[in-house]
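File shown: upload-v6.pdb. Contents: PDB, C-alpha atoms, pLDDT in the B column.
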MODEL        1
ATOM      1  CA  MET A   1      -6.696  12.861  -6.946  1.00 54.00           C
ATOM      2  CA  SER A   2      -6.340  10.524  -9.898  1.00 83.00           C
ATOM      3  CA  LEU A   3      -2.642  11.431 -10.166  1.00 90.00           C
ATOM      4  CA  ILE A   4      -1.842   9.620  -6.931  1.00 91.00           C
ATOM      5  CA  LYS A   5      -3.708   6.534  -8.134  1.00 91.00           C
ATOM      6  CA  GLU A   6      -1.779   6.663 -11.423  1.00 93.00           C
ATOM      7  CA  GLN A   7       1.525   6.972  -9.560  1.00 94.00           C
ATOM      8  CA  LEU A   8       0.663   4.079  -7.295  1.00 93.00           C
ATOM      9  CA  ARG A   9      -0.428   1.975 -10.269  1.00 93.00           C
ATOM     10  CA  GLU A  10       2.844   2.785 -12.052  1.00 95.00           C
ATOM     11  CA  TYR A  11       4.873   1.700  -9.021  1.00 96.00           C
ATOM     12  CA  LEU A  12       2.892  -1.526  -8.716  1.00 95.00           C
ATOM     13  CA  ASN A  13       3.415  -2.263 -12.427  1.00 95.00           C
ATOM     14  CA  THR A  14       7.038  -1.176 -12.857  1.00 95.00           C
ATOM     15  CA  GLY A  15       8.565  -1.017  -9.377  1.00 94.00           C
ATOM     16  CA  ASP A  16       9.684   2.594  -9.973  1.00 95.00           C
ATOM     17  CA  ILE A  17      10.403   3.808  -6.449  1.00 94.00           C
ATOM     18  CA  ILE A  18      10.460   7.471  -7.527  1.00 96.00           C
ATOM     19  CA  THR A  19       6.781   7.298  -8.453  1.00 96.00           C
ATOM     20  CA  LEU A  20       6.134   5.544  -5.138  1.00 95.00           C
ATOM     21  CA  ALA A  21       7.846   8.421  -3.319  1.00 95.00           C
ATOM     22  CA  LYS A  22       5.719  10.939  -5.207  1.00 95.00           C
ATOM     23  CA  ALA A  23       2.538   9.061  -4.312  1.00 95.00           C
ATOM     24  CA  GLU A  24       3.572   8.795  -0.655  1.00 95.00           C
ATOM     25  CA  ARG A  25       4.258  12.518  -0.508  1.00 94.00           C
ATOM     26  CA  GLN A  26       0.709  13.254  -1.663  1.00 94.00           C
ATOM     27  CA  VAL A  27      -1.265  10.638   0.272  1.00 95.00           C
ATOM     28  CA  SER A  28      -3.165  11.720   3.375  1.00 93.00           C
ATOM     29  CA  PHE A  29      -6.439  10.907   5.088  1.00 92.00           C
ATOM     30  CA  GLU A  30      -8.050  13.827   3.274  1.00 92.00           C
ATOM     31  CA  VAL A  31      -6.881  12.529  -0.102  1.00 91.00           C
ATOM     32  CA  ILE A  32      -8.069   9.006   0.716  1.00 92.00           C
ATOM     33  CA  PHE A  33     -11.533  10.248   1.690  1.00 91.00           C
ATOM     34  CA  GLN A  34     -11.816  12.331  -1.492  1.00 90.00           C
ATOM     35  CA  THR A  35     -10.502   9.654  -3.850  1.00 87.00           C
ATOM     36  CA  LYS A  36     -12.871   7.069  -5.225  1.00 84.00           C
ATOM     37  CA  SER A  37     -11.108   3.763  -4.628  1.00 86.00           C
ATOM     38  CA  LYS A  38     -12.665   0.356  -4.158  1.00 88.00           C
ATOM     39  CA  PRO A  39     -12.483  -0.979  -0.624  1.00 93.00           C
ATOM     40  CA  PHE A  40     -10.991  -4.435  -0.249  1.00 94.00           C
ATOM     41  CA  CYS A  41     -14.413  -6.007   0.200  1.00 93.00           C
ATOM     42  CA  ARG A  42     -15.463  -4.868  -3.304  1.00 93.00           C
ATOM     43  CA  VAL A  43     -12.358  -5.961  -5.200  1.00 93.00           C
ATOM     44  CA  LYS A  44     -13.091  -8.985  -7.390  1.00 94.00           C
ATOM     45  CA  ASP A  45      -9.507 -10.011  -8.204  1.00 95.00           C
ATOM     46  CA  GLU A  46      -8.246 -11.104  -4.786  1.00 95.00           C
ATOM     47  CA  ARG A  47      -4.943 -12.336  -6.200  1.00 96.00           C
ATOM     48  CA  GLN A  48      -4.154  -8.922  -7.706  1.00 96.00           C
ATOM     49  CA  LEU A  49      -5.212  -7.184  -4.494  1.00 96.00           C
ATOM     50  CA  LEU A  50      -2.973  -9.382  -2.350  1.00 97.00           C
ATOM     51  CA  GLN A  51      -0.066  -8.896  -4.775  1.00 97.00           C
ATOM     52  CA  SER A  52      -0.461  -5.115  -4.623  1.00 97.00           C
ATOM     53  CA  ILE A  53      -0.531  -5.089  -0.834  1.00 97.00           C
ATOM     54  CA  MET A  54       2.404  -7.473  -0.722  1.00 97.00           C
ATOM     55  CA  LYS A  55       4.491  -5.281  -3.020  1.00 97.00           C
ATOM     56  CA  LEU A  56       3.940  -2.218  -0.818  1.00 97.00           C
ATOM     57  CA  THR A  57       4.571  -4.261   2.330  1.00 97.00           C
ATOM     58  CA  GLN A  58       7.737  -5.914   0.994  1.00 96.00           C
ATOM     59  CA  ARG A  59       9.179  -2.507   0.185  1.00 95.00           C
ATOM     60  CA  PHE A  60       8.507  -1.260   3.713  1.00 96.00           C
ATOM     61  CA  ILE A  61       9.798  -4.427   5.401  1.00 96.00           C
ATOM     62  CA  SER A  62      12.952  -4.773   3.295  1.00 95.00           C
ATOM     63  CA  VAL A  63      13.957  -1.153   3.906  1.00 93.00           C
ATOM     64  CA  ASN A  64      13.157  -1.050   7.621  1.00 92.00           C
ATOM     65  CA  PHE A  65      13.825  -4.658   8.658  1.00 94.00           C
ATOM     66  CA  PRO A  66      16.435  -6.055   6.245  1.00 93.00           C
ATOM     67  CA  ASP A  67      17.045  -9.250   8.267  1.00 95.00           C
ATOM     68  CA  VAL A  68      13.404 -10.366   8.020  1.00 94.00           C
ATOM     69  CA  ASN A  69      11.897 -12.506   5.264  1.00 95.00           C
ATOM     70  CA  ALA A  70       9.917  -9.669   3.679  1.00 96.00           C
ATOM     71  CA  GLN A  71       7.936 -11.917   1.331  1.00 95.00           C
ATOM     72  CA  ASP A  72       6.542 -14.109   4.132  1.00 96.00           C
ATOM     73  CA  VAL A  73       5.699 -11.104   6.302  1.00 97.00           C
ATOM     74  CA  ALA A  74       4.121  -9.314   3.331  1.00 97.00           C
ATOM     75  CA  LEU A  75       1.876 -12.264   2.504  1.00 97.00           C
ATOM     76  CA  GLN A  76       0.722 -12.634   6.103  1.00 97.00           C
ATOM     77  CA  PHE A  77       0.080  -8.899   6.390  1.00 98.00           C
ATOM     78  CA  ALA A  78      -1.866  -8.812   3.106  1.00 98.00           C
ATOM     79  CA  VAL A  79      -4.138 -11.646   4.211  1.00 97.00           C
ATOM     80  CA  ASP A  80      -4.632 -10.216   7.697  1.00 98.00           C
ATOM     81  CA  ILE A  81      -5.303  -6.634   6.611  1.00 98.00           C
ATOM     82  CA  THR A  82      -7.858  -7.606   3.977  1.00 97.00           C
ATOM     83  CA  ASP A  83      -9.667  -9.705   6.598  1.00 96.00           C
ATOM     84  CA  SER A  84      -9.519  -7.181   9.425  1.00 97.00           C
ATOM     85  CA  ARG A  85      -9.988  -3.962   7.421  1.00 96.00           C
ATOM     86  CA  PRO A  86     -12.364  -4.746   4.527  1.00 96.00           C
ATOM     87  CA  ASP A  87     -13.260  -1.040   4.281  1.00 96.00           C
ATOM     88  CA  TRP A  88      -9.645  -0.046   3.480  1.00 96.00           C
ATOM     89  CA  ASN A  89      -8.219   0.361  -0.012  1.00 95.00           C
ATOM     90  CA  VAL A  90      -4.678   0.319  -1.380  1.00 95.00           C
ATOM     91  CA  LEU A  91      -4.227   4.046  -0.684  1.00 95.00           C
ATOM     92  CA  ASP A  92      -4.838   3.257   2.988  1.00 96.00           C
ATOM     93  CA  ILE A  93      -1.915   0.810   2.879  1.00 97.00           C
ATOM     94  CA  LEU A  94       0.319   3.469   1.354  1.00 96.00           C
ATOM     95  CA  ASN A  95      -0.712   5.934   4.058  1.00 96.00           C
ATOM     96  CA  PHE A  96      -0.357   3.291   6.804  1.00 97.00           C
ATOM     97  CA  PHE A  97       3.326   2.725   6.065  1.00 96.00           C
ATOM     98  CA  LYS A  98       3.939   6.451   5.614  1.00 95.00           C
ATOM     99  CA  PHE A  99       2.360   7.063   9.041  1.00 95.00           C
ATOM    100  CA  ILE A 100       4.519   4.387  10.703  1.00 94.00           C
ATOM    101  CA  ARG A 101       7.716   5.810   9.199  1.00 92.00           C
ATOM    102  CA  GLN A 102       6.898   9.366  10.173  1.00 92.00           C
ATOM    103  CA  GLN A 103       5.946   8.434  13.736  1.00 90.00           C
ATOM    104  CA  ALA A 104       9.243   6.607  14.251  1.00 73.00           C
ATOM    105  CA  ASN A 105      11.206   9.845  13.861  1.00 61.00           C
TER     106      ASN A 105
ENDMDL
END

Conversion result in structure tokens:
Amino acid sequence: MSLIKEQLREYLNTGDIITLAKAERQVSFEVIFQTKSKPFCRVKDERQLLQSIMKLTQRFISVNFPDVNAQDVALQFAVDITDSRPDWNVLDILNFFKFIRQQAN
């Protein structure tokens, strides 16, 4: 379970999309429930949290909606999701975008 968190952390630090792909392949509801990750409401560094969510969101938006300002959408999404889903964590965001992509096919 810690491997997925390490892969996600590496992507967030370096932008390596291969490690992001590996983390996405492994993430699932079962993994999220078994992994000890702080929910948004317990994270002290809000700036870092918003930046992490924005980075994942920008990747999704820029790939799937290239004509949209991904940074503005990512910021709005990060603020809204932390307000509306305080029990979520960053793995939930990863799984959220994976779910959307897989349902579109």

Taking 3 positions as the minimum chain separation for residues in the same chain, which residues sit within 12 Å of region 24-34 of chain A when counting all atoms listed in the file? Answer as a short mmCIF file (atom, residue, chain, number, x, y, z; two decimals) with C-alpha atoms, in the frame of the given file.
data_model
loop_
_atom_site.label_atom_id
_atom_site.label_comp_id
_atom_site.auth_asym_id
_atom_site.auth_seq_id
_atom_site.Cartn_x
_atom_site.Cartn_y
_atom_site.Cartn_z
CA MET A 1 -6.70 12.86 -6.95
CA SER A 2 -6.34 10.52 -9.90
CA LEU A 3 -2.64 11.43 -10.17
CA ILE A 4 -1.84 9.62 -6.93
CA LYS A 5 -3.71 6.53 -8.13
CA GLN A 7 1.52 6.97 -9.56
CA LEU A 8 0.66 4.08 -7.30
CA TYR A 11 4.87 1.70 -9.02
CA ILE A 17 10.40 3.81 -6.45
CA ILE A 18 10.46 7.47 -7.53
CA THR A 19 6.78 7.30 -8.45
CA LEU A 20 6.13 5.54 -5.14
CA ALA A 21 7.85 8.42 -3.32
CA SER A 37 -11.11 3.76 -4.63
CA LYS A 38 -12.66 0.36 -4.16
CA PRO A 39 -12.48 -0.98 -0.62
CA LEU A 56 3.94 -2.22 -0.82
CA ASP A 87 -13.26 -1.04 4.28
CA TRP A 88 -9.64 -0.05 3.48
CA ASN A 89 -8.22 0.36 -0.01
CA VAL A 90 -4.68 0.32 -1.38
CA LEU A 91 -4.23 4.05 -0.68
CA ASP A 92 -4.84 3.26 2.99
CA ILE A 93 -1.92 0.81 2.88
CA LEU A 94 0.32 3.47 1.35
CA ASN A 95 -0.71 5.93 4.06
CA PHE A 96 -0.36 3.29 6.80
CA PHE A 97 3.33 2.72 6.06
CA LYS A 98 3.94 6.45 5.61
CA PHE A 99 2.36 7.06 9.04
CA ARG A 101 7.72 5.81 9.20
CA GLN A 102 6.90 9.37 10.17
#

Polymer residues at most 12 Å from Leu49 (chain A), only C-alpha atoms, same-chain spacing of 2 or more positions, as a ChimeraX atom specification: /A:9,12,38-47,51-56,75,78-79,81-82,86,88-91,93

- prompt: Suppose you want the space between CA of Lys36 (chain A) and CA of Glu6 (chain A); what is it in Å?
  reply: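 Distance between the two atoms: 12.7 Å.
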
Could you give me the centre and size, in Å to one decimal, of an axis-aligned box around all listed atoms of region 64-80 of chain A with 4 Å added on every side, as JSON?
{"center_x": 6.2, "center_y": -7.6, "center_z": 5.0, "size_x": 29.7, "size_y": 21.1, "size_z": 15.3}

- request: Determine, counting all atoms listed in the file, every residue of protein, DNA or RNA that lies within 10 Å of (7.3, -11.1, 2.0) in the file coordinates, then give the result as a ChimeraX atom specification.
  value: /A:54-59,61-62,68-78

Could those residues be written to a file, using C-alpha atoms, as a compact mmCIF listing (two decimals), keeping the file's coordinate frame?
# COMPACT_ATOMS: atom_id res chain seq x y z
CA MET A 54 2.40 -7.47 -0.72
CA LYS A 55 4.49 -5.28 -3.02
CA LEU A 56 3.94 -2.22 -0.82
CA THR A 57 4.57 -4.26 2.33
CA GLN A 58 7.74 -5.91 0.99
CA ARG A 59 9.18 -2.51 0.18
CA ILE A 61 9.80 -4.43 5.40
CA SER A 62 12.95 -4.77 3.30
CA VAL A 68 13.40 -10.37 8.02
CA ASN A 69 11.90 -12.51 5.26
CA ALA A 70 9.92 -9.67 3.68
CA GLN A 71 7.94 -11.92 1.33
CA ASP A 72 6.54 -14.11 4.13
CA VAL A 73 5.70 -11.10 6.30
CA ALA A 74 4.12 -9.31 3.33
CA LEU A 75 1.88 -12.26 2.50
CA GLN A 76 0.72 -12.63 6.10
CA PHE A 77 0.08 -8.90 6.39
CA ALA A 78 -1.87 -8.81 3.11

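CA of Phe65 (chain A) lies 19.1 Å from CA of Gly15 (chain A).
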
field: Distance in Å - CA of Asn13 (chain A) versus CA of Ala104 (chain A)
entry: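 Computing the Euclidean distance for CA of Asn13 (chain A) and CA of Ala104 (chain A) yields 28.7 Å.
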